[in-house]
>>> print(open('start25.cif').read())   # mmCIF, C-alpha atoms
data_coords
#
loop_
_atom_site.label_atom_id
_atom_site.label_comp_id
_atom_site.auth_asym_id
_atom_site.auth_seq_id
_atom_site.Cartn_x
_atom_site.Cartn_y
_atom_site.Cartn_z
CA MET A 28 -8.74 -5.87 -1.56
CA LYS A 29 -6.90 -9.05 -0.64
CA ARG A 30 -6.39 -9.85 3.00
CA VAL A 31 -2.71 -9.01 2.90
CA ILE A 32 -2.55 -5.73 4.81
CA LEU A 33 -3.37 -7.05 8.26
CA ILE A 34 -0.39 -8.23 10.29
CA PHE A 35 -2.20 -10.19 12.92
CA LEU A 36 0.26 -13.07 13.12
CA VAL A 37 3.20 -10.77 13.69
CA ILE A 38 1.45 -8.70 16.32
CA LEU A 39 0.11 -11.82 18.00
CA CYS A 40 3.68 -12.55 19.07
CA VAL A 41 3.40 -9.57 21.43
CA ILE A 42 0.71 -11.34 23.38
CA LEU A 43 2.46 -14.69 23.37
CA SER A 44 5.70 -13.20 24.64
CA SER A 45 4.36 -10.86 27.31
CA CYS A 46 2.07 -10.86 30.32
CA ALA A 47 -1.53 -11.22 29.26
CA LYS A 48 -3.98 -8.45 30.03
CA ALA A 49 -7.73 -8.59 30.46
CA GLY A 50 -8.52 -7.29 26.99
CA ASP A 51 -6.15 -9.60 25.15
CA ASN A 52 -8.82 -12.26 24.85
CA THR A 53 -11.05 -9.74 23.09
CA VAL A 54 -8.32 -9.16 20.52
CA ARG A 55 -7.87 -12.92 20.08
CA GLN A 56 -11.58 -13.24 19.38
CA ALA A 57 -11.30 -10.44 16.83
CA ILE A 58 -8.37 -12.14 15.13
CA GLN A 59 -10.20 -15.46 14.98
CA ALA A 60 -13.29 -13.79 13.52
CA TYR A 61 -11.19 -11.98 10.93
CA GLY A 62 -9.48 -15.21 9.92
CA ALA A 63 -12.89 -16.80 9.44
CA GLY A 64 -14.07 -13.91 7.29
CA GLN A 65 -16.55 -12.78 9.96
CA TYR A 66 -15.77 -9.10 9.52
CA ASP A 67 -18.67 -7.63 11.47
CA THR A 68 -17.76 -9.75 14.47
CA ALA A 69 -14.09 -8.85 14.13
CA LEU A 70 -14.97 -5.17 13.98
CA HIS A 71 -17.11 -5.49 17.09
CA PHE A 72 -14.30 -7.06 19.12
CA PHE A 73 -11.58 -4.70 17.86
CA THR A 74 -13.74 -1.71 18.73
CA GLN A 75 -14.48 -3.20 22.15
CA ALA A 76 -10.76 -3.71 22.73
CA LEU A 77 -10.16 0.03 22.36
CA ASP A 78 -11.88 0.49 25.72
CA GLU A 79 -10.09 -2.40 27.43
CA ASP A 80 -6.64 -2.94 28.91
CA THR A 81 -4.64 -4.90 26.31
CA ASN A 82 -1.08 -5.44 25.14
CA TYR A 83 -2.10 -3.77 21.88
CA SER A 84 -1.66 -0.03 21.49
CA PRO A 85 -4.66 1.99 20.24
CA GLU A 86 -2.85 2.79 16.98
CA ILE A 87 -2.47 -0.92 16.23
CA LEU A 88 -6.12 -1.55 17.01
CA TYR A 89 -7.15 1.29 14.69
CA THR A 90 -4.95 -0.22 11.97
CA PHE A 91 -6.72 -3.54 12.49
CA ILE A 92 -10.07 -1.79 12.23
CA ALA A 93 -8.97 -0.04 9.03
CA ASN A 94 -8.09 -3.39 7.51
CA VAL A 95 -11.42 -4.92 8.44
CA TYR A 96 -13.23 -2.04 6.76
CA ALA A 97 -10.97 -2.31 3.71
CA ASN A 98 -11.73 -5.99 3.32
CA GLN A 99 -15.43 -5.16 3.48
CA GLY A 100 -14.93 -2.59 0.72
CA GLU A 101 -15.79 0.27 3.08
CA TYR A 102 -12.80 2.36 2.09
CA GLU A 103 -13.98 5.69 3.47
CA LYS A 104 -14.29 4.16 6.94
CA ALA A 105 -10.94 2.45 6.46
CA VAL A 106 -9.36 5.83 5.70
CA GLU A 107 -10.86 7.31 8.85
CA ALA A 108 -9.53 4.50 11.04
CA GLN A 109 -6.09 4.59 9.44
CA GLU A 110 -5.91 8.35 9.96
CA LYS A 111 -6.68 7.85 13.67
CA SER A 112 -3.88 5.30 13.89
CA LEU A 113 -1.39 7.68 12.31
CA GLU A 114 -2.47 10.58 14.51
CA LEU A 115 -1.44 8.47 17.48
CA HIS A 116 1.78 7.15 15.95
CA PRO A 117 3.20 8.16 12.54
CA ASP A 118 4.42 5.01 10.81
CA TYR A 119 5.94 4.26 7.40
CA ARG A 120 3.79 1.23 6.67
CA GLY A 121 0.71 3.03 7.94
CA TYR A 122 1.23 5.92 5.53
CA VAL A 123 1.76 3.56 2.59
CA THR A 124 -1.50 1.83 3.49
CA LEU A 125 -3.24 5.20 3.82
CA GLY A 126 -1.98 6.17 0.37
CA MET A 127 -3.50 3.02 -1.12
CA LEU A 128 -6.78 3.64 0.66
CA TYR A 129 -7.00 7.23 -0.53
CA HIS A 130 -6.39 6.03 -4.08
CA LEU A 131 -9.28 3.60 -3.68
CA VAL A 132 -11.60 6.45 -2.70
CA LYS A 133 -10.31 8.43 -5.71
CA ASN A 134 -8.52 11.10 -3.70
CA ASP A 135 -5.13 10.97 -5.35
CA GLU A 136 -4.06 14.33 -3.96
CA LYS A 137 -4.22 12.98 -0.41
CA SER A 138 -2.83 9.66 -1.63
CA ALA A 139 0.30 11.45 -2.86
CA VAL A 140 0.65 13.29 0.45
CA ALA A 141 0.45 10.00 2.35
CA TYR A 142 3.20 8.45 0.21
CA GLN A 143 5.32 11.59 0.67
CA ASN A 144 4.84 11.32 4.43
CA ALA A 145 6.03 7.71 4.28
CA ILE A 146 9.12 8.78 2.34
CA ALA A 147 9.82 11.51 4.89
CA LEU A 148 9.77 8.89 7.64
CA ASP A 149 12.01 6.42 5.80
CA GLY A 150 13.63 7.38 2.51
CA LYS A 151 15.57 4.12 2.31
CA LYS A 152 12.58 1.94 1.48
CA GLY A 153 11.36 1.68 -2.07
CA GLU A 154 7.66 0.87 -1.68
CA ALA A 155 6.45 4.42 -1.07
CA TYR A 156 8.54 5.73 -3.98
CA ALA A 157 7.15 2.98 -6.22
CA SER A 158 3.58 3.72 -5.17
CA LEU A 159 3.96 7.47 -5.62
CA GLY A 160 5.60 7.02 -9.02
CA ALA A 161 2.83 4.68 -10.14
CA LEU A 162 0.27 7.22 -8.93
CA TYR A 163 1.78 9.96 -11.10
CA LEU A 164 2.11 7.57 -14.01
CA GLY A 165 -1.58 6.77 -13.71
CA GLN A 166 -2.20 10.49 -14.15
CA ASN A 167 -0.08 10.38 -17.34
CA ASP A 168 2.52 12.58 -15.62
CA ALA A 169 5.62 10.71 -16.74
CA VAL A 170 7.94 13.66 -16.15
CA GLN A 171 7.10 13.66 -12.45
CA ALA A 172 6.91 9.88 -12.25
CA ILE A 173 10.30 9.04 -13.77
CA PRO A 174 12.70 10.33 -11.08
CA ILE A 175 10.53 8.80 -8.36
CA LEU A 176 10.36 5.44 -10.10
CA GLU A 177 14.10 5.58 -10.74
CA LYS A 178 14.63 6.08 -7.01
CA ALA A 179 12.33 3.16 -6.30
CA ALA A 180 14.25 0.97 -8.76
CA ALA A 181 17.55 1.92 -7.15
CA LEU A 182 16.23 0.92 -3.75
CA GLU A 183 14.36 -2.18 -4.95
CA PRO A 184 16.13 -3.38 -8.13
CA ASN A 185 14.41 -6.75 -8.19
CA ILE A 186 10.77 -5.66 -8.09
CA ALA A 187 9.41 -6.30 -11.56
CA VAL A 188 6.48 -3.90 -11.56
CA ILE A 189 8.75 -0.93 -10.87
CA GLN A 190 10.71 -1.75 -14.00
CA ALA A 191 7.50 -2.20 -15.99
CA ASN A 192 6.18 1.17 -14.84
CA LEU A 193 9.53 2.76 -15.72
CA ALA A 194 9.27 1.27 -19.20
CA VAL A 195 5.88 2.91 -19.65
CA ALA A 196 7.10 6.23 -18.23
CA TYR A 197 10.11 6.31 -20.54
CA ALA A 198 7.84 5.54 -23.48
CA TYR A 199 5.73 8.58 -22.62
CA VAL A 200 8.75 10.87 -22.95
CA GLY A 201 9.94 9.15 -26.12
CA ASP A 202 13.05 7.51 -24.66
CA THR A 203 12.91 4.22 -26.54
CA ASP A 204 16.27 2.88 -25.39
CA LYS A 205 15.50 3.27 -21.69
CA SER A 206 11.97 1.97 -22.20
CA ASP A 207 13.26 -1.15 -23.93
CA ALA A 208 15.88 -1.73 -21.24
CA ALA A 209 13.37 -1.38 -18.40
CA LEU A 210 10.87 -3.62 -20.17
CA PHE A 211 13.58 -6.25 -20.74
CA ARG A 212 14.41 -6.16 -17.03
CA ALA A 213 10.72 -6.46 -16.13
CA ARG A 214 10.50 -9.58 -18.29
CA GLU A 215 13.62 -11.00 -16.64
CA LEU A 216 11.98 -10.49 -13.26
CA LYS A 217 8.83 -12.23 -14.53
CA CYS A 218 6.49 -9.27 -14.13
CA GLU A 219 2.86 -10.30 -13.84
CA LYS A 220 0.58 -9.15 -16.65
CA ILE A 221 3.59 -7.98 -18.65
CA ASP A 222 1.44 -8.03 -21.78
CA GLN A 223 -0.63 -5.15 -20.41
CA PHE A 224 2.49 -3.02 -20.02
CA GLU A 225 3.65 -4.01 -23.50
CA ASP A 226 0.29 -3.06 -24.98
CA LYS A 227 0.41 0.31 -23.21
CA ILE A 228 3.90 0.99 -24.53
CA ASP A 229 2.83 0.06 -28.06
CA GLU A 230 -0.10 2.45 -27.76
CA ILE A 231 2.15 5.25 -26.52
CA THR A 232 4.86 4.78 -29.13
CA ARG A 233 2.33 5.04 -31.95
CA ILE A 234 1.53 8.62 -30.95
CA THR A 235 4.72 9.83 -29.19
CA PRO A 236 7.81 11.09 -31.08
CA GLN A 237 10.77 8.89 -30.25
CA LYS A 238 14.27 10.03 -29.29
#
>>> encode(input="start25.cif", output="structure tokens")
Amino acid sequence: MKRVILIFLVILCVILSSCAKAGDNTVRQAIQAYGAGQYDTALHFFTQALDEDTNYSPEILYTFIANVYANQGEYEKAVEAQEKSLELHPDYRGYVTLGMLYHLVKNDEKSAVAYQNAIALDGKKGEAYASLGALYLGQNDAVQAIPILEKAAALEPNIAVIQANLAVAYAYVGDTDKSDAALFRARELKCEKIDQFEDKIDEITRITPQK
């Protein structure tokens, strides 16, 4: 997993703009270790910070810990830490992250629940809809995926992969016109690995009756 989940630089502003506490230096050391790819050291300091007085809430520290584990490929431990964070403070982004982590440990039932929890917290953001729709599509459940992906596309009309997934979903149900339109839009938006979506659609259309 790429180091894109952790939001250290954003959260660091909390420390820079508020009165420092004794444990803040521990968090700084953790951040520095993480940035250097020293994950064991980062984990040590983040865990230590849980028992210290810092400007960081426990739920944020658990999210940091989850990300360290994820970047080490220890997804089960990442799930556990992310769950602890969400128990303390339900959060849209946290549930989206949890959904991704559950998918990585091949528990798509809990992954779907996490995305649904994110949607319940904020139904005006498209990422959770897009992730949930892609999850159902990966299970070849286009009927369930289509309305969710359509909602995602309405909320985030310029995200290419949503359009590409819609094109595949429409192909599954034999709706060639909508599939072609979504695929055209995905190309316009310069979807990465568009050839993989095109190949999947070609495979589907060879065996699916078209409308």
>>> closest_residue(input="start25.cif", among="A:Asp149, A:Asp118, A:Glu110, A:Glu215", to="Tyr89 (chain A)", atoms="all atoms listed in the file")
A:Glu110
>>> residues_around(input="start25.cif", residues="region 61-74 of chain A", least_positions_apart="5", cutoff="12 Å", atoms="all atoms listed in the file", output="JSON, numbers by chain")
{"A": [29, 30, 31, 33, 34, 35, 36, 50, 51, 52, 53, 54, 55, 56, 79, 81, 83, 84, 85, 86, 87, 88, 89, 90, 91, 92, 93, 94, 95, 96, 97, 98, 99, 100, 101, 104, 105, 108]}
>>> atom_distance(input="start25.cif", atom1="CA of Ala213 (chain A)", atom2="CA of Ala187 (chain A)")
4.8 Å
>>> residues_around(input="start25.cif", residues="Thr203 (chain A)", least_positions_apart="2", cutoff="10 Å", atoms="all atoms listed in the file", output="list in words")
Ala194, Val195, Tyr197, Ala198, Tyr199, Val200, Gly201, Lys205, Ser206, Asp207, Ala208, Ala209, Ile228, Thr232, Pro236, Gln237 and Lys238 of chain A
>>> atom_distance(input="start25.cif", atom1="CA of Met127 (chain A)", atom2="CA of Ile221 (chain A)")
21.9 Å
>>> atom_distance(input="start25.cif", atom1="CA of Ile175 (chain A)", atom2="CA of Ala161 (chain A)")
8.9 Å
>>> residues_around(input="start25.cif", residues="Ile146 (chain A)", least_positions_apart="6", cutoff="8 Å", atoms="all atoms listed in the file", output="list of chain:residue names")
A:Tyr119, A:Lys152, A:Ala155, A:Tyr156
>>> write_last_selection(input="start25.cif", atoms="C-alpha atoms", output="mmCIF file, in the frame of the given file")
data_model
loop_
_atom_site.group_PDB
_atom_site.id
_atom_site.type_symbol
_atom_site.label_atom_id
_atom_site.label_comp_id
_atom_site.auth_asym_id
_atom_site.auth_seq_id
_atom_site.Cartn_x
_atom_site.Cartn_y
_atom_site.Cartn_z
ATOM 1 C CA TYR A 119 5.940 4.260 7.400
ATOM 2 C CA LYS A 152 12.580 1.940 1.480
ATOM 3 C CA ALA A 155 6.450 4.420 -1.070
ATOM 4 C CA TYR A 156 8.540 5.730 -3.980
#
>>> resolve_selection(input="start25.cif", expression="the PyMOL selection byres ((chain A and resi 145) around 12)", output="PyMOL selection string")
chain A and resi 113+117-127+138-144+146-159
>>> axis_aligned_box(input="start25.cif", around="region 192-207 of chain A", padding_each_side="5 Å", output="AutoDock Vina command-line options")
--center_x 11.0 --center_y 4.9 --center_z -20.7 --size_x 20.5 --size_y 22.0 --size_z 21.7
